[in-house]
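Report on one structure; see the data block that follows.
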Amino acid sequence: MIQINDVITTQSLHFFDQLACLYKLDKNNSENIYIIPVIIFNNKKYSLYSKESIKKLKTNNHEVMLIKTCTSKRDIIQTFLNEKNIKNDNIYITIKCFKIFFSIINSQQDLMLLLSFFSLKNSIDQLHQLRKICKLDTPLLNYCENKKFSFKQLKQLTFIDKEIIKIYSKELYKFNFSARNFEEIINMSNDLLKRKHFSITQLIQLIKTIQSKTSHDQQMKTTQLKKSLFELSHPTLTKKNNQILSSIKELKISKKININWDKSLENKGINISMNASSIKDIQELIDNLKLNQKNLTNIINQT
């Protein structure tokens, strides 16, 4: 058995392959390594420092300290996390690790014991949520990491129909999605599908139609997709807003005057504005309002 202050060569050390994700959790500076902690597994000596860290050392002969003889990969994981005093709060590193943990550890109890090292609650619900997140498509997870999606946001994605997730995973870089509008778009798509107002085939066709508009840049296509889905999700609201817009267009009013309203129709009324630079402009506004008083009243009643 290896004892403290035994000396072995670099060539005698083994390094985790399948569990290489563990090394990424270790934030210790390899320049401060004096004694290498090792574990024995299947009669091989495994370093708790990565191969890259060991390569930085100036000597090939190293003092080592035996931490434990492990009997399983679960034992290796727990020993490493305890020895290195790991406290990881990066959900994406957690996902990468647990994708591997789920594949090699069958016991839910054992998996739950690992959650606390990753700033997660030691509960069966938390474990189930994490398992679902780990099953999300890799391109989608990479995108979410780039957009800094939180654990809560990732959890919400697991409630989305798998076909919709699959569709949007292929479209991520064809649109200019922000984290917020991606959530809105994917939730509207899912809601339409659940309410049977829309089919997967129709969604694919809508995306293809918008993508085919070569004169539009990515931002314009994203805006169009969101607008189209919103209109499909809120047909009554869309119809009323279109009626109001049509009524405004029929007004005999100066182009200098802008009329807006709350598109959610939660707040009654209209907002009339004009950039006036003279008394003449103000008089023009007054005359226009008097001329269109009846029609403006009708528009207000529509809101």
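Scheme for the structure tokens: letters A, B, ... for chains in order shown; per-chain residue numbers from 1; ligand numbers from 1 in order shown.
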
Name the residues in contact with region 244-258 of chain A at a cut-off of 7 Å, using only C-alpha atoms, excluding same-chain residues fewer than 2 positions from it; report them as an NGL selection string. :A and (240-242 or 260 or 272-274 or 288 or 292 or 299 or 302)

Filtering to N, CA, C and O atoms, could you give me those residues as a PDB file, in the first residue's frame?
```
ATOM      1  N   LYS A 240     -59.022  42.595 -32.600  1.00  0.00           N
ATOM      2  CA  LYS A 240     -59.430  43.909 -32.083  1.00  0.00           C
ATOM      3  C   LYS A 240     -58.369  44.966 -32.376  1.00  0.00           C
ATOM      4  O   LYS A 240     -58.687  46.099 -32.752  1.00  0.00           O
ATOM      5  N   ASN A 241     -57.102  44.601 -32.200  1.00  0.00           N
ATOM      6  CA  ASN A 241     -56.019  45.552 -32.482  1.00  0.00           C
ATOM      7  C   ASN A 241     -55.986  45.929 -33.959  1.00  0.00           C
ATOM      8  O   ASN A 241     -55.729  47.090 -34.312  1.00  0.00           O
ATOM      9  N   ASN A 242     -56.246  44.963 -34.822  1.00  0.00           N
ATOM     10  CA  ASN A 242     -56.280  45.246 -36.262  1.00  0.00           C
ATOM     11  C   ASN A 242     -57.440  46.176 -36.616  1.00  0.00           C
ATOM     12  O   ASN A 242     -57.319  47.039 -37.496  1.00  0.00           O
ATOM     13  N   ASN A 260     -51.340  56.126 -30.481  1.00  0.00           N
ATOM     14  CA  ASN A 260     -50.978  54.799 -29.972  1.00  0.00           C
ATOM     15  C   ASN A 260     -51.983  54.359 -28.918  1.00  0.00           C
ATOM     16  O   ASN A 260     -52.743  55.178 -28.380  1.00  0.00           O
ATOM     17  N   ILE A 272     -52.296  60.375 -27.869  1.00  0.00           N
ATOM     18  CA  ILE A 272     -52.118  61.222 -29.050  1.00  0.00           C
ATOM     19  C   ILE A 272     -50.914  62.127 -28.816  1.00  0.00           C
ATOM     20  O   ILE A 272     -50.836  62.819 -27.797  1.00  0.00           O
ATOM     21  N   SER A 273     -49.971  62.111 -29.739  1.00  0.00           N
ATOM     22  CA  SER A 273     -48.764  62.926 -29.564  1.00  0.00           C
ATOM     23  C   SER A 273     -48.385  63.620 -30.865  1.00  0.00           C
ATOM     24  O   SER A 273     -48.708  63.157 -31.965  1.00  0.00           O
ATOM     25  N   MET A 274     -47.694  64.752 -30.692  1.00  0.00           N
ATOM     26  CA  MET A 274     -47.231  65.512 -31.855  1.00  0.00           C
ATOM     27  C   MET A 274     -46.035  66.353 -31.433  1.00  0.00           C
ATOM     28  O   MET A 274     -46.025  66.933 -30.343  1.00  0.00           O
ATOM     29  N   ASN A 288     -57.243  69.264 -36.022  1.00  0.00           N
ATOM     30  CA  ASN A 288     -57.357  67.842 -36.370  1.00  0.00           C
ATOM     31  C   ASN A 288     -58.209  67.085 -35.354  1.00  0.00           C
ATOM     32  O   ASN A 288     -58.997  66.215 -35.718  1.00  0.00           O
ATOM     33  N   ASN A 292     -61.851  65.284 -36.140  1.00  0.00           N
ATOM     34  CA  ASN A 292     -61.977  63.825 -35.993  1.00  0.00           C
ATOM     35  C   ASN A 292     -62.547  63.414 -34.632  1.00  0.00           C
ATOM     36  O   ASN A 292     -62.397  62.262 -34.222  1.00  0.00           O
ATOM     37  N   ILE A 299     -62.915  55.208 -31.603  1.00  0.00           N
ATOM     38  CA  ILE A 299     -61.675  54.427 -31.430  1.00  0.00           C
ATOM     39  C   ILE A 299     -61.410  54.187 -29.946  1.00  0.00           C
ATOM     40  O   ILE A 299     -61.042  53.079 -29.537  1.00  0.00           O
ATOM     41  N   GLN A 302     -63.320  51.423 -28.642  1.00  0.00           N
ATOM     42  CA  GLN A 302     -62.862  50.095 -29.085  1.00  0.00           C
ATOM     43  C   GLN A 302     -61.753  49.539 -28.191  1.00  0.00           C
ATOM     44  O   GLN A 302     -61.512  48.334 -28.186  1.00  0.00           O
TER      45      GLN A 302
END
```

Give the alpha helix (DSSP H) residues of region 70-175 of chain A, as DSSP finds them on the backbone, and put them as a PyMOL selection string. chain A and resi 73-83+91-104+108-115+124-134+138-146+151-157+162-171

Which residue, A:Ser119, A:Ser278, A:Ser199, A:Gln283, has the smallest gap to Ile86 (chain A) when you use only C-alpha atoms?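 For Ile86 (chain A), the nearest of the candidates is A:Ser119.
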
Do you know which residues are at most 6 Å from region 130-135 of chain A counting only C-alpha atoms, after dropping those on the same chain fewer than 2 positions away, and could you put them as a list in words?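 Counting only C-alpha atoms, the residues come to Ile95, Lys99, Leu127 and His128 of chain A.
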
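For the atom pair formed by CA of Tyr34 (chain A) and CA of Leu81 (chain A), the distance is 19.6 Å, given to one decimal.
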
According to DSSP computed on the backbone, where in region 129-272 of chain A is there strand (DSSP E or B)? Give the residues as a PyMOL selection string. chain A and resi 257-261+270-272

Within 12 Å of Gln153 (chain A) using only C-alpha atoms, minus same-chain residues under 4 positions, as a ChimeraX atom specification: /A:91,129,133,141,144-145,147-149,157-160,179-180,182-184,186-187

Extract, using only C-alpha atoms, all DNA, RNA and protein residues at most 12 Å from Glu171 (chain A), discarding same-chain residues fewer than 2 positions from it, and format them as an NGL selection string. :A and (139-140 or 143 or 164-169 or 173-177 or 182 or 186 or 204 or 207-208 or 210-211 or 218 or 221-222 or 225)

Excluding Ile270 (chain A) and its own-chain neighbours fewer than 6 positions away, which residues fall within 7 Å of it when counting only C-alpha atoms? Please give them as a ChimeraX atom specification. /A:259-261,300

Write out as a ChimeraX atom specification the residues lying within 10 Å of Ile76 (chain A), counting only C-alpha atoms and excluding same-chain residues fewer than 3 positions away. /A:16,19,22,39-41,46,48,68-73,79-82

Quick one: distance from CA of Met188 (chain A) to CA of Asp217 (chain A) in Å, one decimal?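 Going from CA of Met188 (chain A) over to CA of Asp217 (chain A), I get 22.2 Å.
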
Counting only C-alpha atoms, which of A:Ala20, A:Lys227, A:Ser12, A:Lys55 gets nearest to Ile33 (chain A)?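 Using only C-alpha atoms, Ile33 (chain A) sits closest to A:Lys55.
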
Which value, in Å to one decimal, gives the distance between CA of Thr214 (chain A) and CA of Leu172 (chain A)?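 Rounded to one decimal, the two atoms are 17.4 Å apart.
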
Shortest interatomic distance to Lys87 (chain A) - which of A:Leu192, A:Leu114, A:Ile104, A:Val7, counting only C-alpha atoms: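 Of A:Leu192, A:Leu114, A:Ile104, A:Val7, the one nearest Lys87 (chain A) is A:Leu114, counting only C-alpha atoms.
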